[in-house]
Every structure is written in structure tokens, then in C-alpha cells.
$ cat my_file-v3.csv   # CSV, N, CA and C atoms
chain,number,residue,atom,x,y,z
A,1,MET,N,5.4,16.2,14.5
A,1,MET,CA,6.3,15.2,14.0
A,1,MET,C,7.5,15.2,15.0
A,2,SER,N,7.8,14.0,15.5
A,2,SER,CA,8.8,13.8,16.4
A,2,SER,C,9.9,12.9,15.8
A,3,VAL,N,11.1,12.9,16.4
A,3,VAL,CA,12.2,12.1,16.0
A,3,VAL,C,11.8,10.6,16.1
A,4,TYR,N,11.1,10.3,17.2
A,4,TYR,CA,10.7,8.9,17.4
A,4,TYR,C,9.7,8.4,16.4
A,5,GLY,N,8.8,9.4,16.0
A,5,GLY,CA,7.8,9.0,14.9
A,5,GLY,C,8.5,8.8,13.6
A,6,VAL,N,9.5,9.6,13.3
A,6,VAL,CA,10.3,9.4,12.0
A,6,VAL,C,11.0,8.1,12.1
A,7,LEU,N,11.6,7.8,13.2
A,7,LEU,CA,12.3,6.5,13.3
A,7,LEU,C,11.4,5.3,13.2
A,8,ALA,N,10.2,5.4,13.8
A,8,ALA,CA,9.2,4.4,13.7
A,8,ALA,C,8.8,4.1,12.3
A,9,VAL,N,8.6,5.2,11.5
A,9,VAL,CA,8.2,5.0,10.1
A,9,VAL,C,9.4,4.5,9.3
A,10,MET,N,10.6,5.0,9.6
A,10,MET,CA,11.7,4.5,8.8
A,10,MET,C,12.0,3.0,9.1
A,11,LEU,N,12.0,2.6,10.3
A,11,LEU,CA,12.2,1.2,10.6
A,11,LEU,C,11.1,0.3,10.1
A,12,GLY,N,9.9,0.7,10.2
A,12,GLY,CA,8.8,0.0,9.7
A,12,GLY,C,8.8,-0.1,8.2
A,13,GLY,N,9.1,1.0,7.6
A,13,GLY,CA,9.2,1.1,6.1
A,13,GLY,C,10.2,0.1,5.5
A,14,GLY,N,11.4,0.1,6.2
A,14,GLY,CA,12.4,-0.8,5.8
A,14,GLY,C,12.0,-2.3,5.9
A,15,LEU,N,11.3,-2.6,7.0
A,15,LEU,CA,10.8,-3.9,7.2
A,15,LEU,C,9.8,-4.3,6.2
A,16,GLY,N,8.8,-3.4,5.9
A,16,GLY,CA,7.8,-3.6,4.9
A,16,GLY,C,8.3,-3.8,3.5
A,17,ALA,N,9.3,-3.0,3.2
A,17,ALA,CA,9.9,-3.1,1.8
A,17,ALA,C,10.6,-4.4,1.7
A,18,ALA,N,11.3,-4.9,2.7
A,18,ALA,CA,12.0,-6.1,2.7
A,18,ALA,C,11.0,-7.3,2.6
A,19,LEU,N,9.9,-7.2,3.3
A,19,LEU,CA,8.9,-8.2,3.3
A,19,LEU,C,8.3,-8.3,1.9
A,20,ARG,N,8.1,-7.2,1.3
A,20,ARG,CA,7.5,-7.1,-0.1
A,20,ARG,C,8.5,-7.8,-1.0
A,21,TYR,N,9.7,-7.5,-0.9
A,21,TYR,CA,10.8,-8.1,-1.8
A,21,TYR,C,10.8,-9.6,-1.6
A,22,ILE,N,10.8,-10.1,-0.4
A,22,ILE,CA,10.8,-11.5,-0.1
A,22,ILE,C,9.6,-12.2,-0.6
A,23,ILE,N,8.4,-11.7,-0.4
A,23,ILE,CA,7.2,-12.3,-0.9
A,23,ILE,C,7.2,-12.3,-2.4
A,24,ALA,N,7.4,-11.2,-3.0
A,24,ALA,CA,7.4,-11.1,-4.5
A,24,ALA,C,8.4,-12.1,-5.1
A,25,SER,N,9.6,-12.2,-4.5
A,25,SER,CA,10.6,-13.1,-5.0
A,25,SER,C,10.2,-14.5,-4.9
A,26,TYR,N,9.5,-14.9,-3.8
A,26,TYR,CA,9.1,-16.2,-3.6
A,26,TYR,C,8.0,-16.6,-4.6
A,27,VAL,N,7.0,-15.6,-4.8
A,27,VAL,CA,5.9,-15.9,-5.8
A,27,VAL,C,6.5,-16.1,-7.2
A,28,VAL,N,7.4,-15.3,-7.6
A,28,VAL,CA,8.0,-15.4,-8.9
A,28,VAL,C,8.6,-16.8,-9.2
A,29,ARG,N,9.1,-17.4,-8.1
A,29,ARG,CA,9.7,-18.7,-8.3
A,29,ARG,C,8.7,-19.8,-8.7
A,30,PHE,N,7.4,-19.5,-8.4
A,30,PHE,CA,6.3,-20.5,-8.7
A,30,PHE,C,5.3,-20.0,-9.7
A,31,HIS,N,5.4,-18.8,-10.1
A,31,HIS,CA,4.5,-18.2,-11.1
A,31,HIS,C,5.2,-17.3,-12.0
A,32,SER,N,5.1,-17.6,-13.3
A,32,SER,CA,5.8,-16.8,-14.3
A,32,SER,C,4.9,-16.3,-15.4
A,33,GLY,N,3.6,-16.3,-15.1
A,33,GLY,CA,2.6,-15.9,-16.1
A,33,GLY,C,2.6,-14.3,-16.2
A,34,LEU,N,1.7,-13.9,-17.1
A,34,LEU,CA,1.6,-12.5,-17.4
A,34,LEU,C,0.9,-11.7,-16.3
A,35,PHE,N,0.0,-12.4,-15.5
A,35,PHE,CA,-0.7,-11.7,-14.4
A,35,PHE,C,0.3,-11.5,-13.3
A,36,PRO,N,0.4,-10.2,-12.8
A,36,PRO,CA,1.4,-9.9,-11.7
A,36,PRO,C,0.9,-10.4,-10.3
A,37,LEU,N,1.0,-11.7,-10.2
A,37,LEU,CA,0.5,-12.4,-9.0
A,37,LEU,C,1.1,-11.9,-7.7
A,38,GLY,N,2.5,-11.7,-7.7
A,38,GLY,CA,3.2,-11.2,-6.5
A,38,GLY,C,2.6,-9.9,-6.1
A,39,THR,N,2.5,-8.9,-7.0
A,39,THR,CA,2.0,-7.6,-6.6
A,39,THR,C,0.5,-7.7,-6.2
A,40,PHE,N,-0.2,-8.5,-6.9
A,40,PHE,CA,-1.6,-8.7,-6.5
A,40,PHE,C,-1.8,-9.2,-5.1
A,41,LEU,N,-1.0,-10.2,-4.8
A,41,LEU,CA,-1.1,-10.8,-3.4
A,41,LEU,C,-0.6,-9.8,-2.4
A,42,ILE,N,0.4,-9.0,-2.7
A,42,ILE,CA,0.9,-8.0,-1.7
A,42,ILE,C,-0.2,-6.9,-1.5
A,43,ASN,N,-0.8,-6.5,-2.6
A,43,ASN,CA,-1.9,-5.5,-2.5
A,43,ASN,C,-3.1,-6.0,-1.7
A,44,VAL,N,-3.5,-7.2,-1.9
A,44,VAL,CA,-4.6,-7.8,-1.2
A,44,VAL,C,-4.3,-8.0,0.3
A,45,THR,N,-3.2,-8.6,0.5
A,45,THR,CA,-2.8,-8.8,1.9
A,45,THR,C,-2.5,-7.5,2.7
A,46,GLY,N,-2.0,-6.6,2.0
A,46,GLY,CA,-1.8,-5.3,2.6
A,46,GLY,C,-3.1,-4.6,2.9
A,47,SER,N,-4.0,-4.7,2.0
A,47,SER,CA,-5.4,-4.1,2.3
A,47,SER,C,-6.1,-4.8,3.4
A,48,PHE,N,-6.0,-6.1,3.5
A,48,PHE,CA,-6.5,-6.8,4.7
A,48,PHE,C,-5.8,-6.4,6.0
A,49,ALA,N,-4.5,-6.3,5.9
A,49,ALA,CA,-3.8,-5.9,7.1
A,49,ALA,C,-4.1,-4.5,7.6
A,50,ILE,N,-4.3,-3.5,6.7
A,50,ILE,CA,-4.6,-2.2,7.1
A,50,ILE,C,-6.1,-2.1,7.7
A,51,GLY,N,-6.9,-3.0,7.1
A,51,GLY,CA,-8.3,-3.0,7.7
A,51,GLY,C,-8.3,-3.5,9.1
A,52,VAL,N,-7.5,-4.6,9.4
A,52,VAL,CA,-7.3,-5.1,10.7
A,52,VAL,C,-6.7,-4.1,11.6
A,53,LEU,N,-5.5,-3.6,11.2
A,53,LEU,CA,-4.8,-2.7,12.1
A,53,LEU,C,-5.5,-1.4,12.4
A,54,MET,N,-6.0,-0.7,11.4
A,54,MET,CA,-6.6,0.6,11.6
A,54,MET,C,-7.9,0.4,12.5
A,55,THR,N,-8.6,-0.6,12.3
A,55,THR,CA,-9.8,-0.9,13.1
A,55,THR,C,-9.4,-1.1,14.5
A,56,PHE,N,-8.3,-1.9,14.7
A,56,PHE,CA,-7.8,-2.2,16.0
A,56,PHE,C,-7.4,-0.9,16.7
A,57,PHE,N,-6.6,0.0,16.0
A,57,PHE,CA,-6.1,1.2,16.5
A,57,PHE,C,-7.3,2.2,16.8
A,58,LEU,N,-8.3,2.2,16.0
A,58,LEU,CA,-9.5,3.1,16.3
A,58,LEU,C,-10.1,2.7,17.6
A,59,TYR,N,-10.1,1.5,18.0
A,59,TYR,CA,-10.8,1.1,19.2
A,59,TYR,C,-9.9,0.9,20.4
A,60,ARG,N,-8.6,1.2,20.2
A,60,ARG,CA,-7.6,1.1,21.3
A,60,ARG,C,-6.8,2.4,21.4
A,61,ALA,N,-7.5,3.4,21.8
A,61,ALA,CA,-7.0,4.8,21.8
A,61,ALA,C,-5.8,4.9,22.8
A,62,ASN,N,-5.8,4.0,23.8
A,62,ASN,CA,-4.8,4.0,24.8
A,62,ASN,C,-3.4,3.5,24.4
A,63,LEU,N,-3.3,3.0,23.2
A,63,LEU,CA,-2.0,2.5,22.7
A,63,LEU,C,-1.1,3.7,22.3
A,64,ASN,N,0.2,3.5,22.4
A,64,ASN,CA,1.2,4.5,22.0
A,64,ASN,C,1.0,4.7,20.5
A,65,PRO,N,0.9,6.0,20.0
A,65,PRO,CA,0.7,6.3,18.6
A,65,PRO,C,1.9,5.8,17.8
A,66,ALA,N,3.0,5.6,18.4
A,66,ALA,CA,4.2,5.1,17.6
A,66,ALA,C,4.0,3.7,17.0
A,67,TRP,N,3.1,2.9,17.6
A,67,TRP,CA,2.8,1.6,17.1
A,67,TRP,C,2.1,1.8,15.7
A,68,ARG,N,1.1,2.7,15.6
A,68,ARG,CA,0.4,3.0,14.4
A,68,ARG,C,1.4,3.5,13.3
A,69,LEU,N,2.3,4.4,13.7
A,69,LEU,CA,3.3,4.9,12.8
A,69,LEU,C,4.2,3.8,12.3
A,70,PHE,N,4.6,2.9,13.2
A,70,PHE,CA,5.5,1.8,12.8
A,70,PHE,C,4.8,0.8,11.9
A,71,LEU,N,3.6,0.3,12.4
A,71,LEU,CA,2.9,-0.8,11.6
A,71,LEU,C,2.2,-0.3,10.4
A,72,VAL,N,1.4,0.8,10.5
A,72,VAL,CA,0.6,1.2,9.3
A,72,VAL,C,1.4,2.1,8.4
A,73,THR,N,1.9,3.2,8.8
A,73,THR,CA,2.6,4.1,7.9
A,73,THR,C,4.0,3.5,7.5
A,74,GLY,N,4.7,2.8,8.4
A,74,GLY,CA,5.9,2.3,8.1
A,74,GLY,C,5.9,0.9,7.4
A,75,VAL,N,5.5,-0.1,8.1
A,75,VAL,CA,5.5,-1.5,7.6
A,75,VAL,C,4.6,-1.6,6.3
A,76,LEU,N,3.3,-1.2,6.5
A,76,LEU,CA,2.4,-1.3,5.4
A,76,LEU,C,2.8,-0.3,4.3
A,77,GLY,N,3.3,0.9,4.6
A,77,GLY,CA,3.7,1.8,3.6
A,77,GLY,C,4.9,1.3,2.8
A,78,GLY,N,5.8,0.6,3.4
A,78,GLY,CA,6.9,0.0,2.7
A,78,GLY,C,6.4,-1.3,1.9
A,79,TYR,N,5.4,-1.9,2.5
A,79,TYR,CA,4.9,-3.2,1.9
A,79,TYR,C,4.0,-2.9,0.7
A,80,THR,N,3.1,-1.9,0.8
A,80,THR,CA,2.2,-1.5,-0.3
A,80,THR,C,1.5,-0.3,0.1
A,81,THR,N,1.5,0.8,-0.8
A,81,THR,CA,0.7,1.9,-0.5
A,81,THR,C,-0.7,1.7,-1.0
A,82,PHE,N,-1.0,0.6,-1.7
A,82,PHE,CA,-2.3,0.3,-2.1
A,82,PHE,C,-3.3,0.2,-0.9
A,83,SER,N,-2.7,-0.3,0.2
A,83,SER,CA,-3.6,-0.5,1.4
A,83,SER,C,-4.1,0.8,1.9
A,84,SER,N,-3.3,1.9,1.8
A,84,SER,CA,-3.7,3.2,2.2
A,84,SER,C,-4.8,3.7,1.3
A,85,PHE,N,-4.7,3.5,0.0
A,85,PHE,CA,-5.7,3.8,-1.0
A,85,PHE,C,-7.0,3.1,-0.6
A,86,GLU,N,-7.0,1.9,-0.3
A,86,GLU,CA,-8.2,1.1,0.0
A,86,GLU,C,-8.8,1.6,1.3
A,87,TRP,N,-8.0,1.9,2.3
A,87,TRP,CA,-8.5,2.4,3.6
A,87,TRP,C,-9.2,3.7,3.4
A,88,GLU,N,-8.6,4.6,2.7
A,88,GLU,CA,-9.2,6.0,2.5
A,88,GLU,C,-10.5,5.9,1.7
A,89,THR,N,-10.5,4.9,0.8
A,89,THR,CA,-11.8,4.7,0.0
A,89,THR,C,-12.9,4.2,0.9
A,90,LEU,N,-12.5,3.2,1.8
A,90,LEU,CA,-13.5,2.7,2.7
A,90,LEU,C,-14.0,3.8,3.7
A,91,THR,N,-13.1,4.6,4.2
A,91,THR,CA,-13.4,5.7,5.1
A,91,THR,C,-14.4,6.7,4.5
A,92,ALA,N,-14.1,7.0,3.2
A,92,ALA,CA,-15.1,7.9,2.5
A,92,ALA,C,-16.5,7.2,2.4
A,93,MET,N,-16.5,5.9,2.1
A,93,MET,CA,-17.8,5.3,2.0
A,93,MET,C,-18.5,5.3,3.3
A,94,LYS,N,-17.8,4.9,4.4
A,94,LYS,CA,-18.4,4.8,5.7
A,94,LYS,C,-18.8,6.2,6.2
A,95,SER,N,-18.2,7.2,5.7
A,95,SER,CA,-18.5,8.6,6.1
A,95,SER,C,-19.7,9.2,5.3
A,96,GLY,N,-20.3,8.4,4.5
A,96,GLY,CA,-21.4,8.9,3.7
A,96,GLY,C,-21.0,9.6,2.5
A,97,SER,N,-19.9,9.4,1.9
A,97,SER,CA,-19.4,10.0,0.7
A,97,SER,C,-19.1,9.0,-0.4
A,98,PRO,N,-20.1,8.3,-0.9
A,98,PRO,CA,-19.8,7.3,-1.9
A,98,PRO,C,-19.3,7.9,-3.2
A,99,VAL,N,-19.7,9.1,-3.5
A,99,VAL,CA,-19.1,9.8,-4.7
A,99,VAL,C,-17.6,10.0,-4.6
A,100,ALA,N,-17.2,10.5,-3.4
A,100,ALA,CA,-15.8,10.7,-3.2
A,100,ALA,C,-15.0,9.4,-3.2
A,101,ALA,N,-15.6,8.3,-2.7
A,101,ALA,CA,-15.0,7.0,-2.8
A,101,ALA,C,-14.8,6.5,-4.2
A,102,LEU,N,-15.9,6.6,-5.0
A,102,LEU,CA,-15.9,6.2,-6.4
A,102,LEU,C,-14.9,7.1,-7.2
A,103,LEU,N,-14.9,8.4,-6.9
A,103,LEU,CA,-13.9,9.2,-7.6
A,103,LEU,C,-12.5,8.8,-7.3
A,104,ASN,N,-12.3,8.5,-6.0
A,104,ASN,CA,-10.9,8.1,-5.6
A,104,ASN,C,-10.5,6.9,-6.4
A,105,VAL,N,-11.4,5.9,-6.5
A,105,VAL,CA,-11.1,4.7,-7.2
A,105,VAL,C,-10.8,4.9,-8.7
A,106,LEU,N,-11.8,5.6,-9.3
A,106,LEU,CA,-11.7,5.8,-10.8
A,106,LEU,C,-10.6,6.7,-11.1
A,107,LEU,N,-10.4,7.8,-10.4
A,107,LEU,CA,-9.3,8.8,-10.8
A,107,LEU,C,-8.0,8.2,-10.4
A,108,SER,N,-7.8,7.5,-9.3
A,108,SER,CA,-6.5,7.0,-8.9
A,108,SER,C,-6.1,5.9,-9.9
A,109,VAL,N,-7.0,5.0,-10.3
A,109,VAL,CA,-6.6,4.0,-11.3
A,109,VAL,C,-6.4,4.6,-12.7
A,110,ALA,N,-7.3,5.4,-13.1
A,110,ALA,CA,-7.2,6.0,-14.5
A,110,ALA,C,-6.0,6.9,-14.6
A,111,LEU,N,-5.8,7.9,-13.7
A,111,LEU,CA,-4.8,8.8,-13.7
A,111,LEU,C,-3.4,8.2,-13.4
A,112,GLY,N,-3.5,7.2,-12.4
A,112,GLY,CA,-2.2,6.5,-12.1
A,112,GLY,C,-1.7,5.7,-13.3
A,113,PHE,N,-2.6,5.1,-14.1
A,113,PHE,CA,-2.2,4.4,-15.3
A,113,PHE,C,-1.7,5.3,-16.3
A,114,ALA,N,-2.4,6.5,-16.5
A,114,ALA,CA,-2.0,7.5,-17.4
A,114,ALA,C,-0.6,8.0,-17.0
A,115,GLY,N,-0.4,8.2,-15.8
A,115,GLY,CA,0.9,8.7,-15.3
A,115,GLY,C,2.1,7.7,-15.6
A,116,VAL,N,1.8,6.5,-15.3
A,116,VAL,CA,2.9,5.5,-15.6
A,116,VAL,C,3.1,5.3,-17.1
A,117,TRP,N,2.1,5.4,-17.8
A,117,TRP,CA,2.2,5.3,-19.3
A,117,TRP,C,3.0,6.5,-19.8
A,118,ILE,N,2.6,7.7,-19.5
A,118,ILE,CA,3.3,8.9,-19.9
A,118,ILE,C,4.7,9.0,-19.5
A,119,GLY,N,5.0,8.6,-18.2
A,119,GLY,CA,6.3,8.5,-17.7
A,119,GLY,C,7.2,7.6,-18.5
A,120,ALA,N,6.7,6.4,-18.8
A,120,ALA,CA,7.4,5.4,-19.6
A,120,ALA,C,7.7,5.9,-21.0
A,121,VAL,N,6.7,6.4,-21.6
A,121,VAL,CA,6.8,7.0,-23.0
A,121,VAL,C,7.9,8.1,-23.0
A,122,TRP,N,7.8,9.0,-22.0
A,122,TRP,CA,8.7,10.1,-21.9
A,122,TRP,C,10.1,9.6,-21.8
A,123,MET,N,10.4,8.6,-21.0
A,123,MET,CA,11.7,8.1,-20.8
A,123,MET,C,12.2,7.3,-22.0
A,124,GLU,N,11.3,6.6,-22.7
A,124,GLU,CA,11.7,5.9,-23.9
A,124,GLU,C,12.1,6.9,-25.0
A,125,ASN,N,11.3,7.9,-25.1
A,125,ASN,CA,11.7,9.0,-26.1
A,125,ASN,C,13.0,9.7,-25.7
A,126,ALA,N,13.2,9.9,-24.4
A,126,ALA,CA,14.4,10.6,-24.0
A,126,ALA,C,15.6,9.8,-24.3
A,127,ARG,N,15.5,8.5,-24.3
A,127,ARG,CA,16.7,7.7,-24.5
A,127,ARG,C,16.9,7.4,-26.0
A,128,GLY,N,16.0,8.0,-26.8
A,128,GLY,CA,16.1,7.9,-28.3
A,128,GLY,C,15.5,6.7,-28.9
A,129,LYS,N,14.5,6.1,-28.2
A,129,LYS,CA,13.9,4.9,-28.8
A,129,LYS,C,12.8,5.3,-29.8

$ encode --input "my_file-v3.csv" --output "C-alpha cells"
Amino acid sequence: MSVYGVLAVMLGGGLGAALRYIIASYVVRFHSGLFPLGTFLINVTGSFAIGVLMTFFLYRANLNPAWRLFLVTGVLGGYTTFSSFEWETLTAMKSGSPVAALLNVLLSVALGFAGVWIGAVWMENARGK
């Protein structure tokens, strides 16, 4: 870990988070339904972007690794961590581990939902609701 790597992630993360906020705010202006369209679009475009970027970086080994830290870990990490989840699932599938890929999807979604539910209930109870 280098200072430059940390700076690349920090700058990229700030940019990605700002981009997420801008896009989500824009979508909310045109869509007010129950379906979380802003988050959905961010997750899908982030997943597409990590597919493009990671494949590009895999075949361009001569690039400075700071670019991957900035764009993938930083920008996409601030934009959506869902893209990392998708990339890791694809990597497991391509590596011949469909069971690991399926477990990643099922457990991440089920336990992630359980975690958010338990956390929300815990906080609601803590405030005396």
C-alpha cells in the first residue's frame, strides 16, 4: 500500500460518490415510484463499467496500477460496491467455481437483506419505537 494508491482511491471514491448522488438525484426528479430506479441504474451501469474496466486492465498489464485503483476501487467503489460483487461472482464462474458464484449471490443477497432488516429493527427498538 502506497500513499499514491491511497490518494488515488480517495480521489476516485469522492468522484464516484458525487456521480452517484448526481445521477440518483436526477432520476428522482423523473421517477417517484416504489421501485428504486436510481439505485438500480447505478448498480447496472456500475456492473457494466467494472466489466469493461477490469477486462481492459487484465489485457493492458503495462498500465500504471494507480489507474485501476483510481477507476475501479475509487470511482466505482464510491459509485457502487455492487459492481465489485458482480465482478467477483463472474470471476468465480469463469474460474470453474459455479457453486462459489451461486453461494456468493444467494448468501450476499439473503444475508445482506437480513443484516439491513436486523439493523433497522435494532435501531427502531433502540429509539423506543

$ atom_distance --input "my_file-v3.csv" --atom1 "atom CA of Phe30 of chain A" --atom2 "atom CA of Ala17 of chain A"
20.6 Å

$ atom_distance --input "my_file-v3.csv" --atom1 "atom CA of Arg29 of chain A" --atom2 "atom N of Val121 of chain A"
28.6 Å

$ residues_around --input "my_file-v3.csv" --residues "Ile42 of chain A" --least-positions-apart "5" --cutoff "7 Å" --atoms "only N, CA and C atoms" --output "VMD selection string"
chain A and resid 20 37 47 79 to 80

$ closest_residue --input "my_file-v3.csv" --among "A:Met1, A:Leu41, A:Leu53, A:Leu71" --to "Ala24 of chain A" --atoms "only C-alpha atoms"
A:Leu41

$ select_by_dssp --input "my_file-v3.csv" --residues "chain A" --states "helix (DSSP H, G or I)" --output "JSON, numbers by chain"
{"A": [3, 4, 5, 6, 7, 8, 9, 10, 11, 12, 13, 14, 15, 16, 17, 18, 19, 20, 21, 22, 23, 24, 25, 26, 27, 28, 29, 30, 37, 38, 39, 40, 41, 42, 43, 44, 45, 46, 47, 48, 49, 50, 51, 52, 53, 54, 55, 56, 57, 58, 59, 65, 66, 67, 68, 69, 70, 71, 72, 73, 74, 75, 76, 77, 78, 79, 82, 83, 84, 85, 86, 87, 88, 89, 90, 91, 92, 93, 94, 98, 99, 100, 101, 102, 103, 104, 105, 106, 107, 108, 109, 110, 111, 112, 113, 114, 115, 116, 117, 118, 119, 120, 121, 122, 123, 124, 125, 126]}

$ atom_distance --input "my_file-v3.csv" --atom1 "atom CA of Leu69 of chain A" --atom2 "atom C of Tyr21 of chain A"
21.8 Å

$ closest_atom_pairs --input "my_file-v3.csv" --of "segment 6-46 of chain A" --to "segment 83-96 of chain A" --cutoff "8 Å" --atoms "all atoms listed in the file" --output "JSON lines"
{"residue": "A:Ile42", "atom": "C", "partner": "A:Ser83", "partner_atom": "N", "distance": 7.3}
{"residue": "A:Asn43", "atom": "CA", "partner": "A:Ser83", "partner_atom": "N", "distance": 5.9}
{"residue": "A:Val44", "atom": "N", "partner": "A:Ser83", "partner_atom": "N", "distance": 7.3}
{"residue": "A:Thr45", "atom": "C", "partner": "A:Ser83", "partner_atom": "CA", "distance": 7.2}
{"residue": "A:Gly46", "atom": "C", "partner": "A:Ser83", "partner_atom": "CA", "distance": 4.4}

$ build_atoms --input "my_file-v3.csv" --residues "segment 25-34 of chain A" --atoms "all heavy atoms" --output "PDB file, keeping the file's coordinate frame"
ATOM      1  N   SER A  25       9.600 -12.200  -4.500  1.00  0.00           N
ATOM      2  CA  SER A  25      10.600 -13.100  -5.000  1.00  0.00           C
ATOM      3  C   SER A  25      10.200 -14.500  -4.900  1.00  0.00           C
ATOM      4  O   SER A  25      10.430 -15.355  -5.794  1.00  0.00           O
ATOM      5  CB  SER A  25      11.953 -12.881  -4.273  1.00  0.00           C
ATOM      6  OG  SER A  25      12.459 -11.593  -4.494  1.00  0.00           O
ATOM      7  N   TYR A  26       9.500 -14.900  -3.800  1.00  0.00           N
ATOM      8  CA  TYR A  26       9.100 -16.200  -3.600  1.00  0.00           C
ATOM      9  C   TYR A  26       8.000 -16.600  -4.600  1.00  0.00           C
ATOM     10  O   TYR A  26       7.987 -17.642  -5.178  1.00  0.00           O
ATOM     11  CB  TYR A  26       8.534 -16.333  -2.151  1.00  0.00           C
ATOM     12  CG  TYR A  26       8.086 -17.718  -1.784  1.00  0.00           C
ATOM     13  CD1 TYR A  26       9.009 -18.715  -1.487  1.00  0.00           C
ATOM     14  CD2 TYR A  26       6.740 -18.037  -1.730  1.00  0.00           C
ATOM     15  CE1 TYR A  26       8.605 -20.000  -1.161  1.00  0.00           C
ATOM     16  CE2 TYR A  26       6.321 -19.304  -1.401  1.00  0.00           C
ATOM     17  CZ  TYR A  26       7.255 -20.287  -1.120  1.00  0.00           C
ATOM     18  OH  TYR A  26       6.840 -21.553  -0.797  1.00  0.00           O
ATOM     19  N   VAL A  27       7.000 -15.600  -4.800  1.00  0.00           N
ATOM     20  CA  VAL A  27       5.900 -15.900  -5.800  1.00  0.00           C
ATOM     21  C   VAL A  27       6.500 -16.100  -7.200  1.00  0.00           C
ATOM     22  O   VAL A  27       5.998 -16.980  -7.893  1.00  0.00           O
ATOM     23  CB  VAL A  27       4.874 -14.763  -5.693  1.00  0.00           C
ATOM     24  CG1 VAL A  27       3.868 -14.883  -6.818  1.00  0.00           C
ATOM     25  CG2 VAL A  27       4.164 -14.772  -4.347  1.00  0.00           C
ATOM     26  N   VAL A  28       7.400 -15.300  -7.600  1.00  0.00           N
ATOM     27  CA  VAL A  28       8.000 -15.400  -8.900  1.00  0.00           C
ATOM     28  C   VAL A  28       8.600 -16.800  -9.200  1.00  0.00           C
ATOM     29  O   VAL A  28       8.624 -17.263 -10.287  1.00  0.00           O
ATOM     30  CB  VAL A  28       9.042 -14.265  -9.141  1.00  0.00           C
ATOM     31  CG1 VAL A  28       9.959 -14.540 -10.311  1.00  0.00           C
ATOM     32  CG2 VAL A  28       8.325 -12.947  -9.348  1.00  0.00           C
ATOM     33  N   ARG A  29       9.100 -17.400  -8.100  1.00  0.00           N
ATOM     34  CA  ARG A  29       9.700 -18.700  -8.300  1.00  0.00           C
ATOM     35  C   ARG A  29       8.700 -19.800  -8.700  1.00  0.00           C
ATOM     36  O   ARG A  29       9.004 -20.776  -9.308  1.00  0.00           O
ATOM     37  CB  ARG A  29      10.351 -19.172  -6.967  1.00  0.00           C
ATOM     38  CG  ARG A  29      11.578 -18.348  -6.625  1.00  0.00           C
ATOM     39  CD  ARG A  29      12.090 -18.589  -5.232  1.00  0.00           C
ATOM     40  NE  ARG A  29      12.607 -19.955  -5.077  1.00  0.00           N
ATOM     41  CZ  ARG A  29      12.867 -20.491  -3.902  1.00  0.00           C
ATOM     42  NH1 ARG A  29      12.646 -19.809  -2.794  1.00  0.00           N
ATOM     43  NH2 ARG A  29      13.335 -21.719  -3.825  1.00  0.00           N
ATOM     44  N   PHE A  30       7.400 -19.500  -8.400  1.00  0.00           N
ATOM     45  CA  PHE A  30       6.300 -20.500  -8.700  1.00  0.00           C
ATOM     46  C   PHE A  30       5.300 -20.000  -9.700  1.00  0.00           C
ATOM     47  O   PHE A  30       4.513 -20.797 -10.163  1.00  0.00           O
ATOM     48  CB  PHE A  30       5.594 -20.833  -7.375  1.00  0.00           C
ATOM     49  CG  PHE A  30       6.492 -21.443  -6.345  1.00  0.00           C
ATOM     50  CD1 PHE A  30       6.996 -20.681  -5.306  1.00  0.00           C
ATOM     51  CD2 PHE A  30       6.867 -22.778  -6.439  1.00  0.00           C
ATOM     52  CE1 PHE A  30       7.849 -21.240  -4.369  1.00  0.00           C
ATOM     53  CE2 PHE A  30       7.713 -23.343  -5.507  1.00  0.00           C
ATOM     54  CZ  PHE A  30       8.210 -22.580  -4.462  1.00  0.00           C
ATOM     55  N   HIS A  31       5.400 -18.800 -10.100  1.00  0.00           N
ATOM     56  CA  HIS A  31       4.500 -18.200 -11.100  1.00  0.00           C
ATOM     57  C   HIS A  31       5.200 -17.300 -12.000  1.00  0.00           C
ATOM     58  O   HIS A  31       5.771 -16.309 -11.621  1.00  0.00           O
ATOM     59  CB  HIS A  31       3.349 -17.437 -10.334  1.00  0.00           C
ATOM     60  CG  HIS A  31       2.416 -16.738 -11.267  1.00  0.00           C
ATOM     61  ND1 HIS A  31       1.456 -17.405 -11.985  1.00  0.00           N
ATOM     62  CD2 HIS A  31       2.317 -15.440 -11.618  1.00  0.00           C
ATOM     63  CE1 HIS A  31       0.795 -16.538 -12.728  1.00  0.00           C
ATOM     64  NE2 HIS A  31       1.299 -15.345 -12.528  1.00  0.00           N
ATOM     65  N   SER A  32       5.100 -17.600 -13.300  1.00  0.00           N
ATOM     66  CA  SER A  32       5.800 -16.800 -14.300  1.00  0.00           C
ATOM     67  C   SER A  32       4.900 -16.300 -15.400  1.00  0.00           C
ATOM     68  O   SER A  32       5.304 -15.920 -16.439  1.00  0.00           O
ATOM     69  CB  SER A  32       6.954 -17.616 -14.922  1.00  0.00           C
ATOM     70  OG  SER A  32       6.428 -18.775 -15.565  1.00  0.00           O
ATOM     71  N   GLY A  33       3.600 -16.300 -15.100  1.00  0.00           N
ATOM     72  CA  GLY A  33       2.600 -15.900 -16.100  1.00  0.00           C
ATOM     73  C   GLY A  33       2.600 -14.300 -16.200  1.00  0.00           C
ATOM     74  O   GLY A  33       3.303 -13.623 -15.555  1.00  0.00           O
ATOM     75  N   LEU A  34       1.700 -13.900 -17.100  1.00  0.00           N
ATOM     76  CA  LEU A  34       1.600 -12.500 -17.400  1.00  0.00           C
ATOM     77  C   LEU A  34       0.900 -11.700 -16.300  1.00  0.00           C
ATOM     78  O   LEU A  34       1.182 -10.528 -16.048  1.00  0.00           O
ATOM     79  CB  LEU A  34       0.865 -12.198 -18.699  1.00  0.00           C
ATOM     80  CG  LEU A  34       1.594 -12.607 -19.979  1.00  0.00           C
ATOM     81  CD1 LEU A  34       0.707 -12.396 -21.192  1.00  0.00           C
ATOM     82  CD2 LEU A  34       2.885 -11.822 -20.117  1.00  0.00           C
TER      83      LEU A  34
END
